[in-house]
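Have a look at the structure below, then the notes.
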Amino acid sequence: AMELLAAENVLVRREGVGTFVSTFRTGGYWNRFQPFDTVEASERYDIRRFISLDEVPAPLEATGALGLPPEAVMIHIVRHMIRLAPEGGETIMSVDELYLRPDVFRGLNEAMLLARFLPSDSLYKFYDREFGVVVTRQKCAVSCEDLAGDLARRLQVPEPMRVLRLDRISYAFASEPVEYRIYRSRAESARLIFDLN
C-alpha cells in the first residue's frame with residue numbers, strides 16, 4: 001500500500017528522514033506539473049496577472065472531465081503570464097483558463113484570490129493552503145490553436161495569437177478530479193517538456 005501511494009505521489013519518501021504526505025505548502029514553489037519551457041534559455045515570464053474570476057456555465061469538456069452535469073456552473077479563472085521588455089513593453093507569453101469545482105473550492109471569489117494569493121504561490125500551493133486540495137496527478141492532451149475573434153476577446157489577448165494548447169485534468173487524493181485547465185502558450189516561443197516513466 002505504501003508503494004502504491006508513493007507511486008501516485010500521495011506520499012514522499014526522504015531517505016534517512018521518513019515518509020510524508022505530499023504537500024505544496026512544505027515544498028516552496030514546487031510545481032512538478034509545469035508542462036512548458038521556452039525555446040531559448042530564458043525565464044518563461046516575469047509576472048502573472050489575474051484577468052478575471054467569475055462563475056459561469058462550463059463547457060462540456062470541463063463538466064465531463066470533472067464528472068459534473070452539462071452546463072454546471074463552475075468557478076472560471078483567466079490569468080496571463082507576461083514577459084516584460086527592457087524598453088517597457090509587455091508580451092503575453094501564455095494564457096491560463098481554469099474551471100474549478102465549486103463544491104471543492106467553496107468561498108473562492110475574486111476578492112479572496114487577490115487578498116490571499118501570495119507572490120511566491122503557485123496555484124497548487126494556494127489550493128493546498130486555502131482549501132486542503134493537493135493535486136497528485138494529471139491527464140493531458142496537446143493541440144495547436146489560433147486565438148482570434150470572440151475567443152481572443154474573451155481571453156483579452158491580441159489576435160491572431162497562435163498557441164500550443166494543453167488541456168489537462170488535475171486530480172487530488174483518491175483520484176478526485178478538481179480542476180480542468182486550458183493552458184495556452186505562444187507557439188513560436190514554447191516547447192512542451194515531459195518525463196515518461
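Every chain in the C-alpha cells has a letter given in the order shown (A, B, ...), and although residue numbers restart at 1 in each chain, ligands are simply numbered from 1 in the order shown.
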Can you tell me which residues surround stretch 44-56 of chain A at a distance of at most 6 Å, considering only C-alpha atoms, apart from same-chain residues fewer than 3 positions away, and format the answer as number ranges by chain? A: 38, 73-83, 110
What does the file look like for those residues with N, CA, C and O atoms, as a PDB file, in the first residue's frame?
ATOM      1  N   THR A  38      10.647  27.502 -22.385  1.00  0.00           N
ATOM      2  CA  THR A  38      10.870  28.388 -23.532  1.00  0.00           C
ATOM      3  C   THR A  38      11.847  27.749 -24.509  1.00  0.00           C
ATOM      4  O   THR A  38      12.680  26.924 -24.128  1.00  0.00           O
ATOM      5  N   VAL A  73     -22.540  25.135 -13.351  1.00  0.00           N
ATOM      6  CA  VAL A  73     -21.821  26.384 -13.103  1.00  0.00           C
ATOM      7  C   VAL A  73     -20.539  26.061 -12.351  1.00  0.00           C
ATOM      8  O   VAL A  73     -20.544  25.312 -11.369  1.00  0.00           O
ATOM      9  N   MET A  74     -19.422  26.610 -12.855  1.00  0.00           N
ATOM     10  CA  MET A  74     -18.120  26.356 -12.244  1.00  0.00           C
ATOM     11  C   MET A  74     -17.394  27.678 -12.041  1.00  0.00           C
ATOM     12  O   MET A  74     -17.715  28.691 -12.650  1.00  0.00           O
ATOM     13  N   ILE A  75     -16.390  27.639 -11.174  1.00  0.00           N
ATOM     14  CA  ILE A  75     -15.516  28.794 -10.981  1.00  0.00           C
ATOM     15  C   ILE A  75     -14.594  28.867 -12.194  1.00  0.00           C
ATOM     16  O   ILE A  75     -13.965  27.877 -12.569  1.00  0.00           O
ATOM     17  N   HIS A  76     -14.521  30.041 -12.809  1.00  0.00           N
ATOM     18  CA  HIS A  76     -13.742  30.239 -14.036  1.00  0.00           C
ATOM     19  C   HIS A  76     -12.707  31.327 -13.778  1.00  0.00           C
ATOM     20  O   HIS A  76     -13.051  32.429 -13.363  1.00  0.00           O
ATOM     21  N   ILE A  77     -11.439  30.993 -14.022  1.00  0.00           N
ATOM     22  CA  ILE A  77     -10.333  31.936 -13.814  1.00  0.00           C
ATOM     23  C   ILE A  77      -9.563  32.084 -15.117  1.00  0.00           C
ATOM     24  O   ILE A  77      -9.284  31.095 -15.801  1.00  0.00           O
ATOM     25  N   VAL A  78      -9.214  33.329 -15.453  1.00  0.00           N
ATOM     26  CA  VAL A  78      -8.309  33.592 -16.575  1.00  0.00           C
ATOM     27  C   VAL A  78      -7.141  34.388 -16.025  1.00  0.00           C
ATOM     28  O   VAL A  78      -7.333  35.339 -15.262  1.00  0.00           O
ATOM     29  N   ARG A  79      -5.923  33.988 -16.386  1.00  0.00           N
ATOM     30  CA  ARG A  79      -4.745  34.753 -15.992  1.00  0.00           C
ATOM     31  C   ARG A  79      -3.731  34.746 -17.133  1.00  0.00           C
ATOM     32  O   ARG A  79      -3.698  33.824 -17.942  1.00  0.00           O
ATOM     33  N   HIS A  80      -2.913  35.794 -17.172  1.00  0.00           N
ATOM     34  CA  HIS A  80      -1.868  35.941 -18.181  1.00  0.00           C
ATOM     35  C   HIS A  80      -0.504  35.803 -17.529  1.00  0.00           C
ATOM     36  O   HIS A  80      -0.297  36.278 -16.409  1.00  0.00           O
ATOM     37  N   MET A  81       0.438  35.177 -18.247  1.00  0.00           N
ATOM     38  CA  MET A  81       1.843  35.169 -17.881  1.00  0.00           C
ATOM     39  C   MET A  81       2.519  36.129 -18.852  1.00  0.00           C
ATOM     40  O   MET A  81       2.439  35.958 -20.068  1.00  0.00           O
ATOM     41  N   ILE A  82       3.185  37.137 -18.321  1.00  0.00           N
ATOM     42  CA  ILE A  82       3.662  38.262 -19.124  1.00  0.00           C
ATOM     43  C   ILE A  82       5.173  38.400 -19.022  1.00  0.00           C
ATOM     44  O   ILE A  82       5.744  38.319 -17.933  1.00  0.00           O
ATOM     45  N   ARG A  83       5.798  38.637 -20.173  1.00  0.00           N
ATOM     46  CA  ARG A  83       7.232  38.953 -20.204  1.00  0.00           C
ATOM     47  C   ARG A  83       7.377  40.449 -20.434  1.00  0.00           C
ATOM     48  O   ARG A  83       6.724  41.024 -21.309  1.00  0.00           O
ATOM     49  N   GLU A 110     -13.113  36.466  -6.421  1.00  0.00           N
ATOM     50  CA  GLU A 110     -12.022  37.349  -6.839  1.00  0.00           C
ATOM     51  C   GLU A 110     -11.375  38.062  -5.660  1.00  0.00           C
ATOM     52  O   GLU A 110     -10.144  38.147  -5.582  1.00  0.00           O
TER      53      GLU A 110
END
Near stretch 148-164 of chain A, counting only C-alpha atoms, which residues have an atom at most 8 Å away, once you skip same-chain residues fewer than 5 positions from it, shown as a ChimeraX atom specification? /A:78,92,95,142-143,184-188,190
Using only N, CA and C atoms, please write the residues we just selected to a file, as a short mmCIF file (atom, residue, chain, number, x, y, z; two decimals), in the first residue's frame.
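Output saved as part-v2.cif:
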data_model
loop_
_atom_site.label_atom_id
_atom_site.label_comp_id
_atom_site.auth_asym_id
_atom_site.auth_seq_id
_atom_site.Cartn_x
_atom_site.Cartn_y
_atom_site.Cartn_z
N VAL A 78 -9.21 33.33 -15.45
CA VAL A 78 -8.31 33.59 -16.57
C VAL A 78 -7.14 34.39 -16.02
N ILE A 92 2.25 39.02 -23.78
CA ILE A 92 1.58 37.89 -23.16
C ILE A 92 2.21 36.62 -23.71
N VAL A 95 -1.61 32.04 -21.62
CA VAL A 95 -2.91 32.32 -21.00
C VAL A 95 -3.38 31.04 -20.32
N VAL A 142 -2.56 17.64 -25.92
CA VAL A 142 -1.94 18.81 -26.54
C VAL A 142 -2.45 18.99 -27.97
N SER A 143 -2.68 20.25 -28.34
CA SER A 143 -3.07 20.58 -29.71
C SER A 143 -2.53 21.96 -30.05
N ARG A 184 -2.57 27.83 -22.61
CA ARG A 184 -2.20 28.20 -23.98
C ARG A 184 -0.91 29.01 -23.93
N SER A 185 0.12 28.53 -24.63
CA SER A 185 1.42 29.19 -24.64
C SER A 185 1.81 29.54 -26.08
N ARG A 186 2.40 30.73 -26.27
CA ARG A 186 2.78 31.17 -27.62
C ARG A 186 3.59 30.09 -28.34
N ALA A 187 3.09 29.68 -29.50
CA ALA A 187 3.70 28.55 -30.21
C ALA A 187 5.13 28.83 -30.64
N GLU A 188 5.43 30.08 -31.01
CA GLU A 188 6.77 30.37 -31.52
C GLU A 188 7.85 30.39 -30.44
N ALA A 190 7.43 28.52 -27.26
CA ALA A 190 7.24 27.48 -26.24
C ALA A 190 7.63 26.11 -26.76
#
Name the residues in contact with A:Val133 at a cut-off of 7 Å, using only C-alpha atoms, excluding same-chain residues fewer than 5 positions from it; report them as a list in words.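 So the residues in contact are Tyr127, Asp128 and Ala172 of chain A.
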Looking only at the backbone, which of the residues in stretch 16-177 of chain A does DSSP tag as helix (DSSP H, G or I), as a ChimeraX atom specification? /A:60-65,110-116,123-131,149-155,173-175
Could you save the residues just selected, with N, CA, C and O atoms, as a compact mmCIF listing (two decimals), in the first residue's frame?
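Output file out-v6.txt is given in full below:
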# COMPACT_ATOMS: atom_id res chain seq x y z
N LEU A 60 -18.74 21.73 -22.12
CA LEU A 60 -18.95 20.30 -21.93
C LEU A 60 -17.66 19.55 -21.61
O LEU A 60 -17.67 18.60 -20.82
N GLU A 61 -16.54 19.96 -22.22
CA GLU A 61 -15.30 19.24 -21.94
C GLU A 61 -14.90 19.38 -20.48
O GLU A 61 -14.35 18.47 -19.88
N ALA A 62 -15.20 20.52 -19.86
CA ALA A 62 -14.86 20.73 -18.45
C ALA A 62 -15.80 19.97 -17.54
O ALA A 62 -15.36 19.29 -16.60
N THR A 63 -17.11 20.07 -17.79
CA THR A 63 -18.06 19.36 -16.93
C THR A 63 -17.88 17.85 -17.04
O THR A 63 -17.90 17.13 -16.05
N GLY A 64 -17.67 17.37 -18.27
CA GLY A 64 -17.46 15.93 -18.47
C GLY A 64 -16.21 15.44 -17.77
O GLY A 64 -16.21 14.38 -17.13
N ALA A 65 -15.13 16.21 -17.87
CA ALA A 65 -13.86 15.81 -17.26
C ALA A 65 -13.94 15.76 -15.74
O ALA A 65 -13.30 14.93 -15.10
N GLU A 110 -13.11 36.47 -6.42
CA GLU A 110 -12.02 37.35 -6.84
C GLU A 110 -11.38 38.06 -5.66
O GLU A 110 -10.14 38.15 -5.58
N ALA A 111 -12.17 38.55 -4.71
CA ALA A 111 -11.62 39.26 -3.56
C ALA A 111 -10.72 38.35 -2.73
O ALA A 111 -9.63 38.75 -2.32
N MET A 112 -11.16 37.11 -2.51
CA MET A 112 -10.35 36.17 -1.73
C MET A 112 -9.04 35.84 -2.45
O MET A 112 -7.97 35.83 -1.85
N LEU A 113 -9.15 35.59 -3.76
CA LEU A 113 -7.95 35.24 -4.54
C LEU A 113 -6.92 36.37 -4.49
O LEU A 113 -5.74 36.14 -4.22
N LEU A 114 -7.37 37.60 -4.73
CA LEU A 114 -6.44 38.73 -4.74
C LEU A 114 -5.85 39.01 -3.36
O LEU A 114 -4.70 39.42 -3.24
N ALA A 115 -6.61 38.74 -2.31
CA ALA A 115 -6.13 39.01 -0.94
C ALA A 115 -5.21 37.93 -0.42
O ALA A 115 -4.28 38.20 0.34
N ARG A 116 -5.42 36.67 -0.85
CA ARG A 116 -4.71 35.56 -0.21
C ARG A 116 -3.72 34.82 -1.09
O ARG A 116 -3.01 33.94 -0.61
N LEU A 123 -0.51 28.07 -8.18
CA LEU A 123 -1.92 27.81 -7.91
C LEU A 123 -2.08 26.58 -7.02
O LEU A 123 -2.94 26.55 -6.15
N TYR A 124 -1.23 25.57 -7.23
CA TYR A 124 -1.37 24.35 -6.45
C TYR A 124 -0.98 24.57 -4.98
O TYR A 124 -1.56 23.96 -4.09
N LYS A 125 -0.03 25.43 -4.74
CA LYS A 125 0.31 25.77 -3.36
C LYS A 125 -0.87 26.52 -2.71
O LYS A 125 -1.20 26.28 -1.56
N PHE A 126 -1.50 27.40 -3.47
CA PHE A 126 -2.67 28.14 -3.00
C PHE A 126 -3.82 27.17 -2.70
O PHE A 126 -4.47 27.26 -1.65
N TYR A 127 -4.09 26.23 -3.61
CA TYR A 127 -5.15 25.24 -3.38
C TYR A 127 -4.89 24.47 -2.08
O TYR A 127 -5.81 24.22 -1.30
N ASP A 128 -3.65 24.06 -1.90
CA ASP A 128 -3.27 23.27 -0.74
C ASP A 128 -3.49 24.06 0.55
O ASP A 128 -4.15 23.59 1.48
N ARG A 129 -2.96 25.27 0.60
CA ARG A 129 -3.02 26.07 1.82
C ARG A 129 -4.45 26.51 2.15
O ARG A 129 -4.88 26.43 3.31
N GLU A 130 -5.20 26.97 1.16
CA GLU A 130 -6.50 27.57 1.42
C GLU A 130 -7.66 26.58 1.45
O GLU A 130 -8.67 26.83 2.11
N PHE A 131 -7.52 25.46 0.73
CA PHE A 131 -8.64 24.53 0.60
C PHE A 131 -8.30 23.09 0.98
O PHE A 131 -9.18 22.22 0.93
N GLY A 149 -10.99 36.37 -32.89
CA GLY A 149 -12.42 36.61 -32.75
C GLY A 149 -12.88 36.67 -31.30
O GLY A 149 -12.21 37.22 -30.43
N ASP A 150 -14.05 36.06 -31.05
CA ASP A 150 -14.65 36.09 -29.71
C ASP A 150 -13.75 35.48 -28.65
O ASP A 150 -13.68 35.98 -27.53
N LEU A 151 -13.06 34.39 -29.01
CA LEU A 151 -12.18 33.73 -28.03
C LEU A 151 -11.04 34.65 -27.62
O LEU A 151 -10.74 34.80 -26.43
N ALA A 152 -10.40 35.32 -28.58
CA ALA A 152 -9.31 36.24 -28.26
C ALA A 152 -9.81 37.40 -27.40
O ALA A 152 -9.15 37.80 -26.43
N ARG A 153 -10.99 37.90 -27.72
CA ARG A 153 -11.55 39.00 -26.92
C ARG A 153 -11.89 38.54 -25.50
O ARG A 153 -11.64 39.25 -24.53
N ARG A 154 -12.44 37.33 -25.37
CA ARG A 154 -12.80 36.83 -24.05
C ARG A 154 -11.57 36.62 -23.17
O ARG A 154 -11.58 36.90 -21.98
N LEU A 155 -10.48 36.16 -23.80
CA LEU A 155 -9.23 35.93 -23.05
C LEU A 155 -8.36 37.19 -22.96
O LEU A 155 -7.32 37.17 -22.33
N PHE A 173 -6.24 13.67 -4.06
CA PHE A 173 -6.22 12.35 -3.43
C PHE A 173 -7.48 11.56 -3.82
O PHE A 173 -8.53 12.14 -4.07
N ALA A 174 -7.34 10.25 -3.85
CA ALA A 174 -8.43 9.33 -4.22
C ALA A 174 -8.88 9.54 -5.67
O ALA A 174 -10.01 9.23 -6.02
N SER A 175 -7.99 10.08 -6.50
CA SER A 175 -8.27 10.30 -7.92
C SER A 175 -9.51 11.16 -8.15
O SER A 175 -10.24 10.97 -9.12
Show which residues sit within 8 Å of stretch 180-182 of chain A, as a PyMOL selection string. Count only C-alpha atoms, and ignore same-chain residues fewer than 2 positions away. chain A and resi 62+65-66+96-100+165-170+178+184
Record the distance separating atom CA of A:Pro177 and atom CA of A:Val135, expressed in Å with one decimal.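 For atom CA of A:Pro177 relative to atom CA of A:Val135, the distance reads 9.1 Å.
Here the question is which of A:Gly16, A:Thr136, A:Pro119, A:Arg101 gets nearest to A:Pro57 using only C-alpha atoms, and that residue is A:Arg101.
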